[in-house]
Each structure stands twice: as C-alpha cells, then as structure tokens.
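Trainee: Structure incoming, see below.
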Amino acid sequence: MPLVVGWGALCGGTSIAAEVAFDSYQIVTGPQRETVLTGAFLPDPLLNVAIVGTDEYRNCRLRIFALADGAWQLAVESTLAPGTLFVDVIGVDGADRLLAYADGRLNWFDPASGTEQLLVPINFPYRAGGDGGMPAIDIARDLNGDGREDILVPDTDGFWISTQAVDGTFADPVKLGPPEPYRDAVALGETRSYSETGLNATNIPWYFSRVHQADFDRDGYRDLVFWNKDHFDVHFQNEHRQFNPTAKAFTTNVPFDVDGTYPLMFEYNDENMFRLILGLRKKTRLTMLHALRDMNGDGIADLTTLSLRGRRLGNHRGTYRVHFGSATPNGTAFPREASVSIAPGGRAGALQAAGYSSLWMRDFDGDGETDVLFRDVATGFGGMMRAMVGKSVALNLEYYQMEKGAYPRGPTAKRRIRPRLYPKGAGVFFPPVLIGDLHGDGRIDLVVGKGREELHVFAGVDSPDAFARKPQTVSVALPDDERDTTLVDLNGDAKQDIVIYNTATKPHRLTTMIAR
C-alpha cells in the first residue's frame with residue numbers, strides 16, 4: 001500500500017519541501033545472507049531485482065524478480081556456475097547483464113536460455129571471504145568516458161582493463177598501471193603479506209583507489225593516471241577510445257607521502273596496539289593523494305590531498321588541500337601551494353579505509369563547482385560509549401559549498417546524527433547516510449537513518465545549507481549494516497527509490513520503496 005511521508009520545513013522557514021510518497025513492495029528472500037542487485041535484466045520497462053546466494057548444498061542460486069500486478073513476481077530461477085566468487089552488473093547495448101566470476105572467466109547470465117556466456121577471460125588472485133556470502137564487486141565502470149561501461153579488475157602487479165566497443169563486444173584484457181606498492185607489506189592485524197592475503201571483497205576498493213581518471217593532455221579524451229613511487233604514470237587515450245599501453249611519466253611539486261588512505265593500514269603495522277588505541281605514542285603526520293578531478297569547473301583536473309595528524313587511531317585531525325590544475329604544453333601542472341583547503345571537524349579520517357569516514361564530492365547546487373559533504377563516525381569517548389552501551393553509532397555530517405573557487409573557513413552546514421539507543425540484545429546500528437534525488441526536482445536530497453524503524457529525508461533546497469533543516473519521516477524497518485540500504489531509480493522516472501535488505505528479520509526481507 002502507498003506510504004505517504006510528512007512535510008518538512010525549509011531552512012529559511014518561508015516555504016516547505018514537496019511531499020514524498022512511496023509505494024512499498026517486499027520480497028521474502030531466505031534464511032541465508034544473499035546479494036541484491038538491480039538492473040534491466042529482462043525486456044521490461046522497469047528495473048528488475050536479482051538475488052544471488054548459496055543454498056545448503058553450496059549451489060549458487062539466482063532469482064530474478066519483475067514488478068507486475070502490484071508485487072514482485074519471480075521471473076527467472078536458475079543456478080550460476082560452481083565456484084562463483086563474486087557478481088556485478090554491467091550495461092551492454094542498452095540492457096544490463098548480470099556478471100559472475102568463476103575459474104578465471106568473467107561470464108554473463110543470459111536469462112532467455114538460463115545459461116552463462118563468456119564475456120572476457122581474466123585470471124587474478126581473488127580469494128573468497130569466510131562469511132559464506134556472495135559479494136558484489138563493482139568492476140564495471142566507464143573508464144574512457146564514451147558512455148559505455150568497461151571492465152576494471154585489480155591484480156597485485158597492475159590492473160586488467162577491457163573496454164567495450166560500440167557493438168557491445170569487449171576488447172582482449174590488457175594490464176596497465178604499476179604494481180601494488182604494498183604487495184610485500186603486512187597490514188595491521190595480519191600475519192601474511194598483502195599479496196599472500198590475496199584480493200577480496202574488503203580490500204579491492206583499496207586497490208581501486210589507486211586508479212585516477214583525468215584528461216591530462218586536454219585533448220578531449222579521459223586518460224588513466226597512476227602514482228608510481230615518485231611520479232605519475234599516464235596512459236593516454238586515443239581517438240579509438242583505447243589506452244596507450246606505454247605510460248608517460250610526469251612529476252609534480254605537490255608534496256604527499258602515499259597514494260590513498262589504505263596505506264595507513266600498513267604504516268601502523270609495527271605499532272603497539274594498546275598505545276595506538278590510547279594515543280600513547282608519537283604523533284603521526286602523513287599526507288596522501290586523495291583525488292585527481294576537476295573541482296572548480298574550469299575543465300582541468302585538480303589535485304586533492306588529505307593530511308592527517310594525531311596520536312590515537314580514531315582521533316586524527318585532517319586537512320584536505322586542493323591544488324588547481326593549469327595547462328602546460330606537455331600536460332597538466334599543479335602548484336606546490338594549495339589553492340583552497342578544508343579542515344573538517346571529524347576525527348575518523350585515519351579509519352577511512354575501514355569505513356568510519358567518507359565523503360561525497362558533488363556539485364550539490366548546480367553551479368559547476370564541486371561541493372563536499374563529509375561523514376564521520378563520532379570516535380570520541382562519548383561516541384564509543386554510545387556504540388558499546390547504547391548499540392548505536394553517532395555520526396557527524398559537514399557540508400562545504402564551493403563558491404567562486406573557494407571553500408569557507410568553516411562548514412556551510414553541519415548535522416549531528418544521534419540514532420536512538422537500543423537494548424543490549426541488539427547489534428550495533430550503523431545508520432545509513434545516502435544522497436540522491438528522491439523528489440525528481442534535480443536537487444540532491446539527504447537520507448539518513450534515525451533508528452531501526454525510521455528514515456529521515458532532508459530535501460535538497462536552494463540555500464547554502466543544501467538540505468532542509470526539518471526532515472520528512474519515513475517509517476520503515478532498517479538493517480544494522482548501513483551498506484544494506486541503497487538508492488536506485490527502479491522505474492525510470494528520474495526519482496531515486498529506496499532499497500532495503502534486512503537480515504534482522506527471519507526470514508530475511510527485501511523492501512523496495514518506489515517514489516511516486
């Protein structure tokens with residue numbers, strides 16, 4: 001039945017946000033944790049829901065549902081190849097294909113025949129986790145900017161890349177990029193080296209953080225850029241939408257120590273854990289390459305770094321510095337001194353690779369410049385006590401709006417999310433924080449979990465605050481894990497819908513709330 005959400009006042013108090021209404025549909029999934037994917041797998045104007053999991057006989061079970069007659073109807077039921085390790089979705093020629101990786105083959109599932117077809121052969125040292133689940137790993141992405149999704153698979157000595165042609169075929173995989181710099185190092189809490197551990201669903205995003213995309217020579221084609229010890233390796237894209245396998249080296253005067261935040265997992269390996277947690281140690285000072293992307297809307301890539309300093313693992317002050325790029329005869333150059341900077345108040349930056357801190361770089365207000373929304377778990381004493389005793393994690397949100405190429409000294413707007421406390425028997429609740437356009441008005445809305453039974457929707461507004469101060473309330477059961485709540489446009493109406501996979505219920509349930 002339809003679910004109607006209440007009104008929320010805008011920050012100025014002079015107008016109100018539009019009402020959001022949802023049609024709610026459920027699928028009972030099963031007793032085991034499964035993976036939920038969405039895509040246009042069937043000849044249907046709406047997106048479908050695919051659910052993949054392993055049954056008691058270790059068969060990899062696939063079910064595809066279509067929305068018809070006011071309910072999700074089972075349209076396809078099949079099994080994937082034995083030994084399937086992970087899945088994903090890729091768009092090919094106007095349709096979506098379910099990808100499955102097994103035995104060095106990346107296959108796609110054909111729902112018409114119920115069989116798998118070879119997409120590309122790629123063999124890399126992936127190792128399944130111990131939780132028995134079937135992870136979804138985002139290996140499909142548009143690498144060359146032609147509007148078609150390509151394949152990106154990490155390895156310990158580079159990245160396998162297969163680009164998609166106009167006719168939907170894929171090029172033979174080629175390996176680009178330098179070797180993983182920490183492949184022989186041992187991460188915090190591990191006894192084996194990074195390469196011995198192998199690639200898995202947890203650390204593959206760390207590998208992906210080393211892949212940067214920028215039109216380095218400004219010829220209109222997006223290039224692949226990697227940091228290699230002390231210089232950039234750039235694989236230029238040509239007019240045929242392929243990347244040159246031979247990289248060209250470029251240096252920069254911008255000072256930073258490492259590429260990405262995941263190296264902190266190795267920097268702390270020799271530390272005494274007791275001293276690291278309590279801060280009884282020398283202060284860490286480390287600067288990381290964070291991103292290569294156009295921040296000020298001038299069409300030239302900019303270089304962003306993150307500098308962290310602190311003694312305690314969960315209490316590091318961070319500063320983001322943006323070095324605006326400029327054109328040179330040979331490529332793109334970045335000034336040594338930062339053009340603009342942001343110093344958010346959150347202290348979980350050193351735990352970013354573990355998911356305790358994150359950010360969105362988006363043009364929230366539509367002016368062509370990149371604004372930043374930070375999300376940090378409250379890692380102070382009060383925040384940790386709330387997690388241990390109250391079974392909920394508090395979050396800090398800070399929004400910085402770029403205006404005329406500069407960020408303000410303090411946040412343009414900030415929020416503190418304090419989910420409701422829960423009894424001891426419940427697991428720790430990590431509230432979801434999501435951004436997307438639920439209203440279909442072209443503005444980005446903010447969706448956060450207030451508790452296990454309530455979502456708050458802060459409408460995007462024409463204001464420096466970016467979001468309405470008073471939320472609309474959506475009553476719905478939420479899972480403990482924030483990653484099980486997502487936004488996706490299921491019916492193609494330019495409105496994001498809410499997809500919730502809840503394993504707290506027995507059996508598990510998938511709830512889709514389609515915005516009307």
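Each chain of the structure tokens is named A, B, ... in the order shown, its residues numbered from 1; ligands are numbered from 1 in display order.
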Counting only C-alpha atoms, what is within 10 Å of Thr79 of chain A, bar same-chain residues fewer than 5 positions away, as a list in words?
Mentor: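 Within the cut-off, the hits are Val52, Gly53, Thr54, Asn59, Cys60, Arg61, Leu62, Arg63, Phe109, Gly114, Thr115 and Glu116 of chain A.
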Trainee: Residues near Gln117 of chain A, anyone? I mean within 9 Å using only C-alpha atoms, not counting same-chain ones fewer than 2 positions away, as a list of chain:residue names.
Mentor: A:Leu106, A:Asn107, A:Trp108, A:Phe109, A:Asp110, A:Thr115, A:Leu119
Trainee: Residues near Arg141 of chain A, anyone? I mean within 12 Å using only C-alpha atoms, not counting same-chain ones fewer than 3 positions away, as a list in words.
Mentor: Asp88, Val89, Ile90, Gly91, Val92, Ile137, Asp138, Asn144, Gly145, Asp146, Gly147, Arg148, Glu149, Asp150, Ile151, Leu152, Val153, Ile161, Ser162, Thr163, Gln164, Phe208, Val211 and Gln213 of chain A
Trainee: May I have the residues from that selection written out with N, CA and C atoms, as a compact mmCIF listing (two decimals), in the first residue's frame?
Mentor:
```txt
# COMPACT_ATOMS: atom_id res chain seq x y z
N ASP A 88 28.40 -8.89 -10.33
CA ASP A 88 28.27 -7.46 -10.60
C ASP A 88 27.25 -7.30 -11.72
N VAL A 89 26.98 -6.06 -12.10
CA VAL A 89 26.06 -5.75 -13.19
C VAL A 89 26.77 -4.81 -14.15
N ILE A 90 26.63 -5.05 -15.45
CA ILE A 90 27.24 -4.18 -16.45
C ILE A 90 26.21 -3.87 -17.53
N GLY A 91 26.21 -2.63 -18.00
CA GLY A 91 25.33 -2.24 -19.08
C GLY A 91 25.96 -2.52 -20.43
N VAL A 92 25.23 -3.23 -21.29
CA VAL A 92 25.71 -3.59 -22.62
C VAL A 92 24.58 -3.35 -23.62
N ILE A 137 31.01 -6.92 -6.39
CA ILE A 137 32.20 -6.09 -6.52
C ILE A 137 32.08 -5.26 -7.78
N ASP A 138 32.25 -3.96 -7.64
CA ASP A 138 31.99 -3.01 -8.71
C ASP A 138 33.18 -2.95 -9.67
N ASN A 144 36.79 5.17 -20.18
CA ASN A 144 37.25 6.11 -21.21
C ASN A 144 36.27 7.22 -21.53
N GLY A 145 35.15 7.29 -20.80
CA GLY A 145 34.23 8.40 -20.96
C GLY A 145 33.39 8.38 -22.22
N ASP A 146 33.18 7.19 -22.82
CA ASP A 146 32.38 7.11 -24.04
C ASP A 146 30.93 6.73 -23.77
N GLY A 147 30.54 6.67 -22.49
CA GLY A 147 29.17 6.35 -22.14
C GLY A 147 28.89 4.87 -22.05
N ARG A 148 29.90 4.02 -22.31
CA ARG A 148 29.73 2.57 -22.21
C ARG A 148 30.60 2.05 -21.07
N GLU A 149 30.06 1.06 -20.35
CA GLU A 149 30.79 0.52 -19.22
C GLU A 149 31.87 -0.45 -19.68
N ASP A 150 33.03 -0.35 -19.03
CA ASP A 150 34.17 -1.22 -19.31
C ASP A 150 34.45 -2.09 -18.10
N ILE A 151 35.48 -2.91 -18.19
CA ILE A 151 35.86 -3.82 -17.11
C ILE A 151 37.18 -3.37 -16.51
N LEU A 152 37.23 -3.28 -15.18
CA LEU A 152 38.45 -2.96 -14.44
C LEU A 152 38.61 -3.98 -13.33
N VAL A 153 39.69 -4.76 -13.40
CA VAL A 153 39.95 -5.80 -12.41
C VAL A 153 41.36 -5.60 -11.85
N ILE A 161 42.26 -4.40 -17.83
CA ILE A 161 41.29 -3.47 -18.40
C ILE A 161 40.78 -4.02 -19.72
N SER A 162 39.46 -4.05 -19.87
CA SER A 162 38.82 -4.46 -21.12
C SER A 162 37.75 -3.42 -21.45
N THR A 163 37.91 -2.74 -22.59
CA THR A 163 36.97 -1.69 -22.97
C THR A 163 35.87 -2.25 -23.87
N GLN A 164 34.70 -1.62 -23.77
CA GLN A 164 33.54 -2.05 -24.54
C GLN A 164 33.42 -1.26 -25.83
N PHE A 208 41.30 -0.14 -6.00
CA PHE A 208 40.65 0.78 -6.93
C PHE A 208 40.97 2.24 -6.62
N VAL A 211 43.41 4.12 -8.91
CA VAL A 211 43.09 4.40 -10.31
C VAL A 211 42.49 5.79 -10.41
N GLN A 213 41.37 9.10 -13.04
CA GLN A 213 40.95 9.39 -14.41
C GLN A 213 40.95 10.90 -14.61
```
Trainee: For a quick check of understanding, using only C-alpha atoms, which of A:Thr197, A:Thr287, A:Gln352, A:Thr84 has the smallest distance to Tyr320 of chain A?
Mentor: A:Thr287
Trainee: Taking 6 positions as the minimum chain separation for residues in the same chain, which residues sit within 10 Å of Phe364 of chain A when counting only C-alpha atoms? Answer as number ranges by chain.
Mentor: A: 370-373, 399-402, 435, 442-445, 460-462, 464, 466-467
Trainee: How would you write, as JSON, numbers by chain, the set of residues in segment 188-228 of chain A that DSSP gives as strand (DSSP E)?
Mentor: {"A": [212, 213, 214, 223, 224, 225, 226, 227, 228]}
Trainee: Between atom CA of Ala140 of chain A and atom CA of Leu98 of chain A, measure the distance and give it in Å to one decimal.
Mentor: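 Rounded to one decimal, the two atoms are 10.8 Å apart.
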Trainee: Which residue gives the smallest distance to Met265 of chain A among A:Ile27, A:Ala504, A:Leu351, A:Leu67, with only C-alpha atoms counted?
Mentor: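 Among the listed residues, the smallest separation from Met265 of chain A belongs to A:Leu351.
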Trainee: When you look at Pro125 of chain A with a cut-off of 10 Å (counting only C-alpha atoms), what residues show up, excluding the ones that are within fewer than 5 positions of it in the same chain? I need them as a PDB file with N, CA and C atoms, in the first residue's frame.
Mentor:
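result_0.pdb, freshly written:
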```
ATOM      1  N   GLY A 104      38.620 -18.080 -13.461  1.00  0.00           N
ATOM      2  CA  GLY A 104      39.332 -17.248 -14.416  1.00  0.00           C
ATOM      3  C   GLY A 104      38.491 -16.751 -15.576  1.00  0.00           C
ATOM      4  N   PRO A 154      41.507  -5.487 -10.535  1.00  0.00           N
ATOM      5  CA  PRO A 154      42.844  -5.275  -9.971  1.00  0.00           C
ATOM      6  C   PRO A 154      43.645  -6.564  -9.884  1.00  0.00           C
ATOM      7  N   ASP A 155      44.954  -6.426  -9.892  1.00  0.00           N
ATOM      8  CA  ASP A 155      45.876  -7.518  -9.652  1.00  0.00           C
ATOM      9  C   ASP A 155      47.015  -6.940  -8.807  1.00  0.00           C
ATOM     10  N   THR A 156      47.898  -7.776  -8.323  1.00  0.00           N
ATOM     11  CA  THR A 156      48.983  -7.268  -7.480  1.00  0.00           C
ATOM     12  C   THR A 156      50.078  -6.584  -8.300  1.00  0.00           C
ATOM     13  N   SER A 195      50.084  -9.466  -0.720  1.00  0.00           N
ATOM     14  CA  SER A 195      49.918 -10.352  -1.870  1.00  0.00           C
ATOM     15  C   SER A 195      49.539 -11.765  -1.440  1.00  0.00           C
ATOM     16  N   GLU A 196      50.037 -12.211  -0.289  1.00  0.00           N
ATOM     17  CA  GLU A 196      49.681 -13.542   0.208  1.00  0.00           C
ATOM     18  C   GLU A 196      48.221 -13.587   0.652  1.00  0.00           C
ATOM     19  N   THR A 197      47.729 -12.479   1.178  1.00  0.00           N
ATOM     20  CA  THR A 197      46.319 -12.405   1.589  1.00  0.00           C
ATOM     21  C   THR A 197      45.413 -12.533   0.377  1.00  0.00           C
ATOM     22  N   GLY A 198      45.862 -11.982  -0.741  1.00  0.00           N
ATOM     23  CA  GLY A 198      45.061 -12.043  -1.955  1.00  0.00           C
ATOM     24  C   GLY A 198      43.996 -10.968  -1.996  1.00  0.00           C
ATOM     25  N   LEU A 199      43.371 -10.804  -3.134  1.00  0.00           N
ATOM     26  CA  LEU A 199      42.322  -9.812  -3.275  1.00  0.00           C
ATOM     27  C   LEU A 199      41.003 -10.387  -2.783  1.00  0.00           C
ATOM     28  N   ASN A 200      40.235  -9.545  -2.098  1.00  0.00           N
ATOM     29  CA  ASN A 200      38.936  -9.972  -1.586  1.00  0.00           C
ATOM     30  C   ASN A 200      37.986  -8.794  -1.590  1.00  0.00           C
TER      31      ASN A 200
END
```
Trainee: Which is closest to Leu37 of chain A among A:Ala406, A:Leu487, A:Leu264, A:Met513, if we use only C-alpha atoms?
Mentor: A:Leu487
Trainee: Excluding Val377 of chain A and its own-chain neighbours fewer than 6 positions away, which residues fall within 9 Å of it when counting only C-alpha atoms? Please give them as a PyMOL selection string.
Mentor: chain A and resi 346-348+355-357+383+393-396
Trainee: Store the residues of this selection in a file with all heavy atoms, as a PDB file, in the first residue's frame.
Mentor:
```pdb
ATOM      1  N   GLY A 346      35.574  16.274  11.820  1.00  0.00           N
ATOM      2  CA  GLY A 346      35.591  14.846  12.122  1.00  0.00           C
ATOM      3  C   GLY A 346      36.987  14.336  12.398  1.00  0.00           C
ATOM      4  O   GLY A 346      37.974  14.831  11.841  1.00  0.00           O
ATOM      5  N   ARG A 347      37.092  13.305  13.243  1.00  0.00           N
ATOM      6  CA  ARG A 347      38.395  12.776  13.641  1.00  0.00           C
ATOM      7  C   ARG A 347      38.626  11.342  13.166  1.00  0.00           C
ATOM      8  O   ARG A 347      39.578  10.714  13.608  1.00  0.00           O
ATOM      9  CB  ARG A 347      38.504  12.814  15.172  1.00  0.00           C
ATOM     10  CG  ARG A 347      38.324  14.195  15.797  1.00  0.00           C
ATOM     11  CD  ARG A 347      39.426  15.145  15.376  1.00  0.00           C
ATOM     12  NE  ARG A 347      39.313  16.436  16.029  1.00  0.00           N
ATOM     13  CZ  ARG A 347      39.838  16.726  17.215  1.00  0.00           C
ATOM     14  NH1 ARG A 347      40.510  15.797  17.882  1.00  0.00           N
ATOM     15  NH2 ARG A 347      39.691  17.925  17.739  1.00  0.00           N
ATOM     16  N   ALA A 348      37.787  10.804  12.299  1.00  0.00           N
ATOM     17  CA  ALA A 348      37.898   9.396  11.897  1.00  0.00           C
ATOM     18  C   ALA A 348      38.617   9.218  10.568  1.00  0.00           C
ATOM     19  O   ALA A 348      38.547   8.154   9.961  1.00  0.00           O
ATOM     20  CB  ALA A 348      36.516   8.750  11.831  1.00  0.00           C
ATOM     21  N   GLY A 355      35.916   2.388   6.644  1.00  0.00           N
ATOM     22  CA  GLY A 355      34.529   2.796   6.515  1.00  0.00           C
ATOM     23  C   GLY A 355      33.998   3.692   7.608  1.00  0.00           C
ATOM     24  O   GLY A 355      32.806   3.990   7.636  1.00  0.00           O
ATOM     25  N   TYR A 356      34.863   4.175   8.497  1.00  0.00           N
ATOM     26  CA  TYR A 356      34.396   5.040   9.580  1.00  0.00           C
ATOM     27  C   TYR A 356      34.346   6.510   9.157  1.00  0.00           C
ATOM     28  O   TYR A 356      33.881   7.358   9.908  1.00  0.00           O
ATOM     29  CB  TYR A 356      35.292   4.888  10.801  1.00  0.00           C
ATOM     30  CG  TYR A 356      35.089   3.581  11.537  1.00  0.00           C
ATOM     31  CD1 TYR A 356      35.710   2.411  11.107  1.00  0.00           C
ATOM     32  CD2 TYR A 356      34.257   3.514  12.644  1.00  0.00           C
ATOM     33  CE1 TYR A 356      35.514   1.206  11.758  1.00  0.00           C
ATOM     34  CE2 TYR A 356      34.056   2.317  13.306  1.00  0.00           C
ATOM     35  CZ  TYR A 356      34.686   1.164  12.851  1.00  0.00           C
ATOM     36  OH  TYR A 356      34.478  -0.033  13.500  1.00  0.00           O
ATOM     37  N   SER A 357      34.859   6.812   7.994  1.00  0.00           N
ATOM     38  CA  SER A 357      34.842   8.174   7.472  1.00  0.00           C
ATOM     39  C   SER A 357      34.686   8.098   5.964  1.00  0.00           C
ATOM     40  O   SER A 357      35.242   7.197   5.323  1.00  0.00           O
ATOM     41  CB  SER A 357      36.138   8.906   7.838  1.00  0.00           C
ATOM     42  OG  SER A 357      36.188  10.198   7.272  1.00  0.00           O
ATOM     43  N   GLY A 383      31.107   8.978  21.785  1.00  0.00           N
ATOM     44  CA  GLY A 383      30.631   8.206  20.647  1.00  0.00           C
ATOM     45  C   GLY A 383      30.877   6.726  20.798  1.00  0.00           C
ATOM     46  O   GLY A 383      30.025   5.895  20.451  1.00  0.00           O
ATOM     47  N   VAL A 393      25.623   4.000  16.572  1.00  0.00           N
ATOM     48  CA  VAL A 393      26.784   4.810  16.228  1.00  0.00           C
ATOM     49  C   VAL A 393      26.326   6.211  15.847  1.00  0.00           C
ATOM     50  O   VAL A 393      25.455   6.374  14.980  1.00  0.00           O
ATOM     51  CB  VAL A 393      27.577   4.169  15.076  1.00  0.00           C
ATOM     52  CG1 VAL A 393      28.672   5.098  14.592  1.00  0.00           C
ATOM     53  CG2 VAL A 393      28.174   2.840  15.513  1.00  0.00           C
ATOM     54  N   ALA A 394      26.896   7.232  16.495  1.00  0.00           N
ATOM     55  CA  ALA A 394      26.588   8.615  16.165  1.00  0.00           C
ATOM     56  C   ALA A 394      27.484   9.087  15.024  1.00  0.00           C
ATOM     57  O   ALA A 394      28.644   8.677  14.922  1.00  0.00           O
ATOM     58  CB  ALA A 394      26.781   9.507  17.390  1.00  0.00           C
ATOM     59  N   LEU A 395      26.935   9.946  14.168  1.00  0.00           N
ATOM     60  CA  LEU A 395      27.659  10.437  13.000  1.00  0.00           C
ATOM     61  C   LEU A 395      27.683  11.956  12.980  1.00  0.00           C
ATOM     62  O   LEU A 395      26.749  12.611  13.439  1.00  0.00           O
ATOM     63  CB  LEU A 395      27.006   9.946  11.703  1.00  0.00           C
ATOM     64  CG  LEU A 395      26.868   8.443  11.489  1.00  0.00           C
ATOM     65  CD1 LEU A 395      26.109   8.187  10.193  1.00  0.00           C
ATOM     66  CD2 LEU A 395      28.230   7.777  11.445  1.00  0.00           C
ATOM     67  N   ASN A 396      28.773  12.504  12.446  1.00  0.00           N
ATOM     68  CA  ASN A 396      28.874  13.933  12.198  1.00  0.00           C
ATOM     69  C   ASN A 396      28.862  14.172  10.688  1.00  0.00           C
ATOM     70  O   ASN A 396      29.592  13.505   9.948  1.00  0.00           O
ATOM     71  CB  ASN A 396      30.172  14.494  12.790  1.00  0.00           C
ATOM     72  CG  ASN A 396      30.214  14.381  14.298  1.00  0.00           C
ATOM     73  OD1 ASN A 396      29.255  14.744  14.972  1.00  0.00           O
ATOM     74  ND2 ASN A 396      31.304  13.878  14.831  1.00  0.00           N
TER      75      ASN A 396
END
```
Trainee: Given only C-alpha atoms as the basis, pick out the residue of A:Asp217, A:Asp367, A:Asp437, A:Glu454 nearest to Asn296 of chain A.
Mentor: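 Using only C-alpha atoms, the shortest distance to Asn296 of chain A belongs to A:Asp367.
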Trainee: Of the residues A:Ser193, A:Thr486, A:Thr29, A:Thr261, which is the one nearest to Pro205 of chain A, using only C-alpha atoms?
Mentor: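 Nearest candidate to Pro205 of chain A out of A:Ser193, A:Thr486, A:Thr29, A:Thr261: A:Thr261.
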Trainee: Considering only C-alpha atoms, state which residue in the set A:Ile139, A:Val428, A:Leu478, A:Ala515 is at the smallest distance from Tyr501 of chain A.
Mentor: A:Leu478
Trainee: Would you compute the distance between atom CA of Thr284 of chain A and atom CA of Leu308 of chain A? Give it in Å to one decimal.
Mentor: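 Separation between atom CA of Thr284 of chain A and atom CA of Leu308 of chain A: 7.3 Å.
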Trainee: Which distance in Å separates atom CA of Ala413 of chain A and atom CA of Ile498 of chain A, to one decimal?
Mentor: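 A separation of 24.8 Å between them.
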Trainee: Could you give me, as a list in words, the residues within 9 Å of Lys229 of chain A, counting only C-alpha atoms and dropping anything in the same chain fewer than 4 positions from it?
Mentor: Pro181, Val258 and Asp259 of chain A
Trainee: Please run DSSP on the backbone and report, as an MDAnalysis selection string, all residues within segment 43-206 of chain A that come out as alpha helix (DSSP H).
Mentor: chainID A and resid 194:197 204:206
